[in-house]
>>> print(open('upload31.cif').read())   # mmCIF, C-alpha atoms
data_final
loop_
_atom_site.label_atom_id
_atom_site.label_comp_id
_atom_site.auth_asym_id
_atom_site.auth_seq_id
_atom_site.Cartn_x
_atom_site.Cartn_y
_atom_site.Cartn_z
CA MET J 20 41.73 88.74 71.98
CA ASN J 21 40.32 90.24 75.20
CA ILE J 22 40.20 86.78 76.79
CA ILE J 23 43.90 86.19 75.98
CA ILE J 24 44.83 89.56 77.50
CA GLU J 25 42.82 88.79 80.66
CA ILE J 26 44.50 85.37 81.01
CA TYR J 27 47.92 86.97 80.54
CA MET J 28 47.17 89.64 83.18
CA THR J 29 45.94 86.99 85.60
CA VAL J 30 49.13 84.95 85.17
CA CYS J 31 51.26 88.06 85.75
CA VAL J 32 49.37 88.88 88.95
CA LEU J 33 49.73 85.30 90.22
CA LEU J 34 53.48 85.35 89.50
CA LEU J 35 53.81 88.64 91.36
CA LEU J 36 51.93 87.24 94.35
CA PHE J 37 54.13 84.15 94.29
CA ASP J 38 57.31 86.30 94.31
CA ILE J 39 56.03 88.37 97.23
CA SER J 40 55.07 85.25 99.19
CA PHE J 41 58.39 83.60 98.48
CA LEU J 42 60.34 86.63 99.68
CA ALA J 43 58.22 86.86 102.82
CA VAL J 44 58.77 83.19 103.68
CA LYS J 45 62.49 83.45 102.95
CA SER J 46 62.77 86.54 105.13
CA HIS J 47 61.00 84.73 107.96
CA GLN J 48 63.32 81.72 107.64
CA ASN J 49 66.38 83.97 107.67
CA GLN J 50 65.14 85.67 110.80
CA GLU J 51 64.77 82.27 112.46
CA PHE J 52 68.21 81.09 111.35
CA TYR J 53 69.96 84.44 111.79
CA PRO J 54 68.08 86.09 114.66
CA GLN J 55 69.26 89.47 115.81
CA ASN J 56 72.15 89.07 118.23
CA HIS J 57 72.51 92.60 119.54
CA ASP J 58 72.78 91.49 123.18
CA LEU J 59 75.69 89.18 122.41
CA GLU J 60 77.39 91.86 120.31
CA GLU J 61 77.20 94.31 123.19
CA THR J 62 78.45 91.71 125.66
CA LEU J 63 81.40 90.83 123.42
CA ARG J 64 82.47 94.44 123.05
CA GLU J 65 82.23 94.96 126.80
CA GLU J 66 84.24 91.81 127.55
CA ILE J 67 86.93 92.65 125.01
CA ALA J 68 87.27 96.11 126.56
CA ARG J 69 87.40 94.52 130.03
CA ARG J 70 90.12 92.12 128.93
CA ARG J 71 92.21 94.97 127.60
CA GLN J 72 91.89 96.79 130.92
CA THR J 73 92.16 93.93 133.42
CA GLY J 74 93.82 91.15 131.44
CA SER J 75 90.89 88.73 131.66
CA PHE J 76 87.23 88.21 130.83
CA SER J 77 84.62 88.31 133.58
CA GLN J 78 84.13 84.97 135.32
CA GLY J 79 80.53 84.55 134.16
CA PHE J 80 81.39 85.27 130.53
CA GLN J 81 84.36 82.89 130.63
CA GLU J 82 82.18 80.10 132.01
CA THR J 83 79.41 80.52 129.44
CA LEU J 84 81.51 81.32 126.36
CA GLY J 85 81.85 77.69 125.34
CA ALA J 86 78.10 77.11 125.48
CA LYS J 87 77.53 80.22 123.36
CA LEU J 88 79.99 79.12 120.68
CA ASP J 89 78.22 75.79 120.37
CA LYS J 90 75.64 77.60 118.21
CA VAL J 91 76.78 78.69 114.77
CA ARG J 92 74.77 81.94 114.89
CA ASN J 93 76.74 82.98 117.97
CA LEU J 94 79.99 81.95 116.32
CA ILE J 95 79.08 84.14 113.33
CA THR J 96 78.47 87.07 115.68
CA VAL J 97 81.84 86.53 117.38
CA MET J 98 83.65 86.46 114.04
CA ASP J 99 81.83 89.61 112.89
CA ILE J 100 83.16 91.42 115.96
CA LEU J 101 86.67 89.98 115.57
CA SER J 102 86.84 90.92 111.89
CA GLY J 103 87.18 94.51 113.05
CA ASP J 104 89.47 93.65 115.99
CA ARG J 105 91.98 91.01 114.88
CA ALA J 106 94.16 91.61 117.93
CA ALA J 107 91.47 90.07 120.15
CA ALA J 108 91.01 86.94 118.01
CA GLY J 109 93.58 84.90 119.93
CA TRP J 110 91.60 85.31 123.17
CA PHE J 111 88.71 83.35 121.67
CA ARG J 112 90.74 80.65 119.97
CA PRO J 113 90.81 78.16 122.91
CA ALA J 114 87.03 78.39 123.31
CA VAL J 115 86.47 77.90 119.57
CA PHE J 116 88.84 74.94 119.46
CA ALA J 117 87.09 73.37 122.47
CA GLN J 118 83.89 73.06 120.38
CA ILE J 119 85.38 70.83 117.70
CA GLU J 120 83.59 67.69 118.84
CA GLU J 121 80.24 69.50 118.73
CA TYR J 122 80.82 70.83 115.24
CA ARG J 123 81.91 67.47 113.91
CA LYS J 124 78.33 66.34 114.60
CA LYS J 125 76.67 69.26 112.82
CA ASN J 126 75.48 69.65 109.23
CA ASP J 127 77.69 70.49 106.24
CA TYR J 128 77.02 74.23 106.37
CA GLU J 129 77.94 74.52 110.05
CA GLN J 130 81.03 72.33 109.64
CA ALA J 131 82.16 74.43 106.67
CA TYR J 132 81.81 77.63 108.68
CA TYR J 133 83.65 76.16 111.67
CA ALA J 134 86.51 75.07 109.40
CA TYR J 135 86.62 78.59 107.97
CA VAL J 136 86.82 80.09 111.48
CA VAL J 137 89.73 77.79 112.33
CA SER J 138 91.51 78.88 109.14
CA VAL J 139 91.51 82.60 110.03
CA PHE J 140 93.34 82.37 113.36
CA ASP J 141 97.02 83.28 113.58
CA TYR J 142 99.35 80.30 113.99
CA GLU J 143 102.62 82.19 113.72
CA GLY J 144 103.08 82.71 117.46
CA GLU J 145 101.03 79.80 118.78
CA PRO J 146 101.24 76.56 116.77
CA VAL J 147 98.25 74.27 116.60
CA LEU J 148 98.24 71.49 119.21
CA PRO J 149 98.62 67.93 117.85
CA GLU J 150 95.49 66.72 119.68
CA PHE J 151 93.30 69.36 118.02
CA ALA J 152 94.97 68.90 114.63
CA GLY J 153 94.30 65.15 114.73
CA LYS J 154 90.60 65.73 115.32
CA PHE J 155 90.43 68.53 112.77
CA MET J 156 91.74 66.24 110.01
CA GLY J 157 88.37 64.49 110.23
CA PHE J 158 86.80 67.44 108.38
CA LEU J 159 88.65 66.25 105.25
CA ASP J 160 86.35 63.22 105.19
CA SER J 161 83.36 65.47 104.56
CA LYS J 162 81.37 65.08 101.36
CA SER J 163 80.97 68.87 101.25
CA LEU J 164 83.47 70.66 99.01
CA TYR J 165 83.09 73.81 101.12
CA THR J 166 84.03 71.97 104.31
CA PHE J 167 86.93 70.25 102.56
CA ALA J 168 88.27 73.47 101.00
CA ASN J 169 87.99 75.46 104.24
CA ALA J 170 89.68 72.65 106.17
CA MET J 171 92.53 72.63 103.66
CA ASP J 172 92.90 76.41 104.05
CA ALA J 173 93.30 75.89 107.80
CA ILE J 174 95.88 73.13 107.33
CA TYR J 175 97.92 75.40 105.03
CA GLN J 176 97.96 77.94 107.87
CA PHE J 177 98.95 75.35 110.47
CA GLY J 178 102.27 75.08 108.64
CA GLU J 179 102.98 71.54 109.87
CA THR J 180 104.63 69.40 107.19
CA ASN J 181 103.30 66.09 108.49
CA LEU J 182 99.72 67.40 108.56
CA LEU J 183 100.03 68.83 105.07
CA LEU J 184 101.39 65.54 103.71
CA ALA J 185 98.50 63.67 105.32
CA ALA J 186 96.06 66.19 103.81
CA LEU J 187 97.60 65.69 100.36
CA ASP J 188 96.94 61.97 100.70
CA LYS J 189 93.26 62.86 101.22
CA VAL J 190 93.35 65.16 98.17
CA ASP J 191 94.90 62.37 96.10
CA GLU J 192 92.25 59.88 97.19
CA ARG J 193 89.48 62.19 95.97
CA GLN J 194 91.40 63.61 92.98
CA GLY J 195 89.17 66.03 91.04
CA PHE J 196 86.97 66.72 94.09
CA TYR J 197 89.43 69.50 95.05
CA HIS J 198 90.49 71.70 92.14
CA GLN J 199 94.21 71.72 91.40
CA LYS J 200 94.33 75.54 91.30
CA LEU J 201 93.04 75.64 94.89
CA LEU J 202 95.72 73.12 95.79
CA MET J 203 98.58 75.03 94.17
CA ASP J 204 97.44 78.40 95.52
CA GLY J 205 97.12 76.90 98.97
CA LEU J 206 100.55 75.26 98.89
CA LEU J 207 102.21 78.45 97.66
CA ALA J 208 100.56 80.51 100.40
CA SER J 209 101.07 77.97 103.19
CA ARG J 210 103.23 78.52 106.23
CA ALA J 211 105.07 75.26 105.67
CA ASN J 212 108.84 74.92 105.68
CA PHE J 213 109.18 74.66 101.90
CA ARG J 214 112.60 73.01 101.94
CA GLU J 215 111.29 70.27 104.20
CA LEU J 216 107.94 69.97 102.42
CA ASN J 217 109.34 69.89 98.88
CA ALA J 218 111.96 67.29 99.74
CA ALA J 219 109.24 65.09 101.28
CA LEU J 220 107.01 65.53 98.21
CA VAL J 221 109.80 64.46 95.85
CA GLN J 222 110.52 61.45 98.04
CA ARG J 223 106.86 60.39 98.03
CA PHE J 224 106.20 61.43 94.40
CA ASP J 225 105.91 57.94 92.87
CA ARG J 226 103.22 56.89 95.32
CA TYR J 227 100.83 59.59 94.14
CA THR J 228 98.32 59.32 91.29
CA PRO J 229 98.99 61.14 87.97
CA PHE J 230 96.44 63.77 89.02
CA LEU J 231 98.44 64.85 92.07
CA GLN J 232 101.80 64.32 90.34
CA ALA J 233 100.89 66.85 87.64
CA CYS J 234 99.67 69.30 90.30
CA LEU J 235 102.92 68.98 92.25
CA LEU J 236 105.08 69.53 89.17
CA ASN J 237 103.20 72.74 88.46
CA TYR J 238 103.65 73.71 92.10
CA PHE J 239 107.42 73.07 91.91
CA ARG J 240 107.59 75.28 88.82
CA LEU J 241 105.74 78.13 90.52
CA ASN J 242 107.66 77.60 93.75
CA ALA J 243 111.04 77.81 91.93
CA TYR J 244 112.08 74.50 93.46
CA ASP J 245 114.86 72.57 91.74
CA ALA J 246 112.98 69.51 90.50
CA SER J 247 115.00 69.15 87.28
CA ALA J 248 116.25 65.65 88.08
CA LEU J 249 112.70 64.45 88.75
CA CYS J 250 111.35 66.11 85.59
CA LEU J 251 114.09 64.64 83.40
CA ARG J 252 113.33 61.18 84.73
CA LEU J 253 109.62 61.60 84.01
CA ILE J 254 110.21 62.80 80.44
CA GLU J 255 112.70 60.03 79.69
CA ASN J 256 110.32 57.42 81.11
CA GLY J 257 108.02 58.02 78.15
CA GLU J 258 104.82 56.01 78.39
CA ARG J 259 105.56 54.88 81.95
CA ALA J 260 104.60 58.36 83.12
CA GLY J 261 101.11 59.63 82.37
CA PRO J 262 100.82 62.16 79.51
CA GLU J 263 99.72 65.02 81.78
CA VAL J 264 102.66 64.29 84.07
CA ARG J 265 105.12 64.43 81.15
CA TYR J 266 103.56 67.66 79.91
CA ALA J 267 103.89 69.21 83.37
CA ALA J 268 107.54 68.12 83.48
CA MET J 269 108.14 69.73 80.09
CA ARG J 270 106.50 72.98 81.24
CA TYR J 271 108.89 73.01 84.17
CA PHE J 272 111.82 73.23 81.73
CA SER J 273 110.13 76.06 79.85
CA LYS J 274 110.89 78.14 82.94
CA TYR J 275 114.08 76.43 84.13
CA PRO J 276 115.90 75.04 81.06
CA THR J 277 119.01 72.88 81.32
CA ALA J 278 121.48 71.41 78.84
CA GLN J 279 119.86 67.98 79.29
CA SER J 280 116.37 69.32 78.67
CA HIS J 281 117.60 71.13 75.55
CA ALA J 282 118.83 67.86 74.07
CA LEU J 283 115.56 66.12 74.95
CA PHE J 284 113.43 68.79 73.31
CA LEU J 285 115.47 68.76 70.11
CA GLU J 286 114.93 65.02 69.96
CA VAL J 287 111.16 65.50 70.44
CA LEU J 288 111.04 67.87 67.44
CA ARG J 289 113.12 65.56 65.28
CA ARG J 290 110.78 62.63 65.83
CA GLU J 291 107.86 62.86 63.44
CA GLU J 292 105.75 60.59 65.63
CA SER J 293 105.99 62.89 68.67
CA PRO J 294 102.51 63.93 69.93
CA TRP J 295 101.55 67.47 68.97
CA MET J 296 101.37 68.58 72.62
CA GLU J 297 104.96 67.49 73.22
CA GLN J 298 106.10 69.27 70.04
CA MET J 299 104.36 72.47 71.11
CA LEU J 300 105.84 72.33 74.61
CA ALA J 301 109.28 71.58 73.18
CA ILE J 302 109.09 74.72 71.01
CA GLN J 303 108.01 76.78 74.03
CA ALA J 304 110.84 75.32 76.12
CA LEU J 305 113.41 76.29 73.46
CA GLU J 306 112.28 79.92 73.64
CA GLY J 307 115.48 81.22 75.18
CA ARG J 308 117.82 79.21 72.96
CA THR J 309 119.67 81.02 70.16
CA ASP J 310 121.66 78.10 68.73
CA GLU J 311 121.39 76.99 65.13
CA ALA J 312 120.17 73.49 66.05
CA SER J 313 117.10 74.93 67.82
CA TRP J 314 116.38 77.25 64.88
CA GLU J 315 116.51 74.44 62.35
CA ALA J 316 114.40 72.08 64.47
CA VAL J 317 111.68 74.69 64.96
CA LEU J 318 111.80 75.90 61.34
CA LYS J 319 110.74 72.45 60.17
CA LYS J 320 107.55 72.76 62.20
CA VAL J 321 106.13 75.82 60.43
CA THR J 322 104.20 73.51 58.10
CA SER J 323 103.00 71.17 60.84
CA PRO J 324 99.40 70.01 60.30
CA ASN J 325 98.69 70.93 63.91
CA TRP J 326 97.63 74.55 64.44
CA TYR J 327 99.27 74.87 67.89
CA VAL J 328 102.61 73.49 66.74
CA ARG J 329 102.61 75.61 63.58
CA THR J 330 101.70 78.90 65.23
CA ASN J 331 104.16 78.37 68.10
CA ALA J 332 106.92 77.60 65.59
CA VAL J 333 106.26 80.78 63.59
CA ALA J 334 106.02 82.82 66.80
CA TYR J 335 109.37 81.41 67.97
CA LEU J 336 111.05 82.34 64.66
CA TYR J 337 109.44 85.78 64.72
CA ARG J 338 110.82 86.50 68.20
CA ARG J 339 114.25 85.30 67.12
CA GLY J 340 114.17 87.80 64.25
CA LEU J 341 113.23 86.90 60.69
CA THR J 342 114.88 88.57 57.72
CA LYS J 343 113.08 88.97 54.39
CA ASP J 344 115.10 86.03 53.08
CA HIS J 345 113.84 83.90 55.97
CA ILE J 346 110.27 85.02 55.32
CA PHE J 347 110.59 84.28 51.60
CA ASN J 348 111.90 80.77 52.33
CA ILE J 349 108.83 80.09 54.48
CA LEU J 350 106.44 81.53 51.90
CA TYR J 351 108.18 79.51 49.18
CA LEU J 352 106.95 76.36 50.94
CA ARG J 353 103.46 77.25 49.59
CA ASP J 354 101.75 76.46 52.91
CA LYS J 355 98.64 78.63 53.30
CA TYR J 356 98.47 78.11 57.07
CA ALA J 357 102.11 79.04 57.58
CA ASP J 358 101.47 82.15 55.47
CA ASP J 359 98.52 83.08 57.70
CA ALA J 360 100.65 82.58 60.81
CA LEU J 361 103.31 84.91 59.40
CA LEU J 362 100.73 87.56 58.57
CA TYR J 363 99.37 87.33 62.09
CA GLN J 364 102.81 87.86 63.63
CA TYR J 365 103.47 90.91 61.43
CA ARG J 366 99.96 92.35 61.68
CA GLY J 367 101.38 95.52 63.27
CA ASP J 368 104.15 95.99 60.69
CA LYS J 369 102.70 97.44 57.47
CA GLU J 370 105.92 97.12 55.47
CA ILE J 371 106.47 93.42 56.19
CA SER J 372 102.74 92.66 55.91
CA HIS J 373 102.66 94.16 52.40
CA TYR J 374 105.83 92.26 51.56
CA ILE J 375 104.24 88.97 52.63
CA ILE J 376 101.02 89.64 50.72
CA ASP J 377 102.86 90.73 47.57
CA THR J 378 105.15 87.70 47.69
CA ILE J 379 102.22 85.33 48.13
CA GLN J 380 100.49 86.85 45.10
CA LEU J 381 103.64 86.65 42.97
CA LEU J 382 104.17 83.02 43.93
CA GLN J 383 100.57 82.24 43.00
CA GLN J 384 101.05 83.97 39.65
CA GLN J 385 104.21 81.95 38.99
CA ASP J 386 102.38 78.74 39.87
CA GLN J 387 99.52 79.59 37.53
CA SER J 388 101.91 80.42 34.67
CA GLY J 389 103.73 77.11 35.11
CA ALA J 390 107.09 78.66 36.00
CA SER J 391 109.85 76.29 37.01
CA ALA J 392 111.22 76.13 40.53
CA GLU J 393 114.32 78.01 39.40
CA ASP J 394 112.17 80.83 37.97
CA ALA J 395 110.17 81.06 41.19
CA ARG J 396 113.39 81.51 43.12
CA LEU J 397 114.09 84.63 41.06
CA LEU J 398 110.88 86.40 41.95
CA PRO J 399 111.35 90.21 42.17
CA VAL J 400 110.23 90.58 45.79
#
>>> encode(input="upload31.cif", output="structure tokens")
Amino acid sequence: MNIIIEIYMTVCVLLLLFDISFLAVKSHQNQEFYPQNHDLEETLREEIARRRQTGSFSQGFQETLGAKLDKVRNLITVMDILSGDRAAAGWFRPAVFAQIEEYRKKNDYEQAYYAYVVSVFDYEGEPVLPEFAGKFMGFLDSKSLYTFANAMDAIYQFGETNLLLAALDKVDERQGFYHQKLLMDGLLASRANFRELNAALVQRFDRYTPFLQACLLNYFRLNAYDASALCLRLIENGERAGPEVRYAAMRYFSKYPTAQSHALFLEVLRREESPWMEQMLAIQALEGRTDEASWEAVLKKVTSPNWYVRTNAVAYLYRRGLTKDHIFNILYLRDKYADDALLYQYRGDKEISHYIIDTIQLLQQQDQSGASAEDARLLPV
């Protein structure tokens, strides 16, 4: 036993020594990669103050600024200073942009940071120059997701429709490499002319892959853009449009319903062979409808074998307002899963919950006693 304890203590000591050594080496590496830059910090503050007073940097600083920004550690220091003085950021933009060729040769980490720096400048008053933008698009060929994502953030801020369309072609080529949520968030926050951009996206829609098509339909929905004609065409095309594209088109009408979409969704529910996802989305899209045809179409789905369709159907009827007669008619179908869905909807209503439970029990008793259908209809509930 003593030998085992000694071995255990030895292993613990060795692990502790390893941790200490690892931290020491890591600290040394960090100091080499991120050396203290106090002299540059002081110089930057002095030059920014000088510029505010005289309107220009000193000649020596202006001449050496480009060479300083060639090193990423110096660029980090500059951005640390500018993070607390955004008004001065524009004074450094030309010097940062002038280093693009140097950073295109650097490693993934340095390219990603450079792309991030480009993304934080203000392009409202001073648009990006075409020559720089053309070179900057090369960052979208990087194999690094960080470089790609930061470059896309910059292109959103450029606000140039032609650049954004070219960037979307790059996104489409690489598909899942760039997450669709990043894409939609970026498009919604971009400085693009949305009327011009959206019209161009609709015009080019058929040339994109299903991946990007589904993303764009979700973007149109969140952007409140009238894409109803496009969405109707995609739903009516059936199998010619990918399933995710059709689903995205159906979700669009959940937020912006039309008379044509209403007719399409009723037809989806009436077809027994409709995929469960389409049935569920059709029920969700009929949410705001109060007509009898919608009620009847959804009511037939409370006994669907698919959990999502069934629970959405019961939820729709619940929100429309179920009377006790309606509830009894559903319970009379003797579908355990529909019963459970009803109980879930009325979980906060003790009176109706007790009514449902009592009715279920009475129906079970009638079934066990062999009562006829007519007798079951006369249950005292």
>>> resolve_selection(input="upload31.cif", expression="the PyMOL selection byres ((chain J and resi 223) around 12)", output="number ranges by chain")
J: 184-185, 187-188, 216-222, 224-228, 231-232, 235, 249
>>> resolve_selection(input="upload31.cif", expression="the PyMOL selection byres ((chain J and resi 311-327) around 8)", output="PyMOL selection string")
chain J and resi 285+288-289+295+299+302+305+308-310+328-333+335-336+349+354+356-357
>>> resolve_selection(input="upload31.cif", expression="the PyMOL selection byres ((chain J and resi 154) around 12)", output="list in words")
Phe116, Ala117, Gln118, Ile119, Glu120, Glu121, Tyr122, Arg123, Ala134, Val147, Leu148, Pro149, Glu150, Phe151, Ala152, Gly153, Phe155, Met156, Gly157, Phe158, Leu159, Asp160, Ala170 and Leu182 of chain J
>>> atom_distance(input="upload31.cif", atom1="atom CA of Phe347 of chain J", atom2="atom CA of Ile379 of chain J")
9.1 Å
>>> closest_residue(input="upload31.cif", among="J:Gln72, J:Glu82, J:Leu183, J:Arg105", to="Ser209 of chain J", atoms="only C-alpha atoms")
J:Leu183
>>> atom_distance(input="upload31.cif", atom1="atom CA of Arg64 of chain J", atom2="atom CA of Gln78 of chain J")
15.6 Å
>>> atom_distance(input="upload31.cif", atom1="atom CA of Ile254 of chain J", atom2="atom CA of His198 of chain J")
24.6 Å
>>> closest_residue(input="upload31.cif", among="J:Ala246, J:Val139, J:Leu300, J:Cys234", to="His281 of chain J", atoms="all atoms listed in the file")
J:Leu300
>>> closest_residue(input="upload31.cif", among="J:Arg210, J:Phe111, J:Gln384, J:Leu164", to="Arg193 of chain J", atoms="only C-alpha atoms")
J:Leu164
>>> residues_around(input="upload31.cif", residues="Ala114 of chain J", least_positions_apart="6", cutoff="12 Å", atoms="all atoms listed in the file", output="PyMOL selection string")
chain J and resi 80-89+94+97+108+136-137
>>> closest_residue(input="upload31.cif", among="J:Asp127, J:Asn181, J:Ile100, J:Ala360", to="Ser372 of chain J", atoms="all atoms listed in the file")
J:Ala360
>>> residues_near_point(input="upload31.cif", point="(111.9, 75.5, 88.5)", cutoff="12 Å", atoms="all atoms listed in the file", output="PyMOL selection string")
chain J and resi 235-250+267-277
>>> write_last_selection(input="upload31.cif", atoms="C-alpha atoms", output="tab-separated table (two decimals), keeping the file's coordinate frame")
chain	number	residue	atom	x	y	z
J	235	LEU	CA	102.92	68.98	92.25
J	236	LEU	CA	105.08	69.53	89.17
J	237	ASN	CA	103.20	72.74	88.46
J	238	TYR	CA	103.65	73.71	92.10
J	239	PHE	CA	107.42	73.07	91.91
J	240	ARG	CA	107.59	75.28	88.82
J	241	LEU	CA	105.74	78.13	90.52
J	242	ASN	CA	107.66	77.60	93.75
J	243	ALA	CA	111.04	77.81	91.93
J	244	TYR	CA	112.08	74.50	93.46
J	245	ASP	CA	114.86	72.57	91.74
J	246	ALA	CA	112.98	69.51	90.50
J	247	SER	CA	115.00	69.15	87.28
J	248	ALA	CA	116.25	65.65	88.08
J	249	LEU	CA	112.70	64.45	88.75
J	250	CYS	CA	111.35	66.11	85.59
J	267	ALA	CA	103.89	69.21	83.37
J	268	ALA	CA	107.54	68.12	83.48
J	269	MET	CA	108.14	69.73	80.09
J	270	ARG	CA	106.50	72.98	81.24
J	271	TYR	CA	108.89	73.01	84.17
J	272	PHE	CA	111.82	73.23	81.73
J	273	SER	CA	110.13	76.06	79.85
J	274	LYS	CA	110.89	78.14	82.94
J	275	TYR	CA	114.08	76.43	84.13
J	276	PRO	CA	115.90	75.04	81.06
J	277	THR	CA	119.01	72.88	81.32
>>> residues_near_point(input="upload31.cif", point="(107.1, 59.4, 79.9)", cutoff="12 Å", atoms="only C-alpha atoms", output="PyMOL selection string")
chain J and resi 229+249-269+283+287+293-294+297
>>> residues_around(input="upload31.cif", residues="Thr96 of chain J", least_positions_apart="5", cutoff="12 Å", atoms="all atoms listed in the file", output="ChimeraX atom specification")
/J:53-64,87-88,90-91,101-103,136
>>> residues_around(input="upload31.cif", residues="Ala131 of chain J", least_positions_apart="6", cutoff="8 Å", atoms="all atoms listed in the file", output="ChimeraX atom specification")
/J:163,165-167,169-170
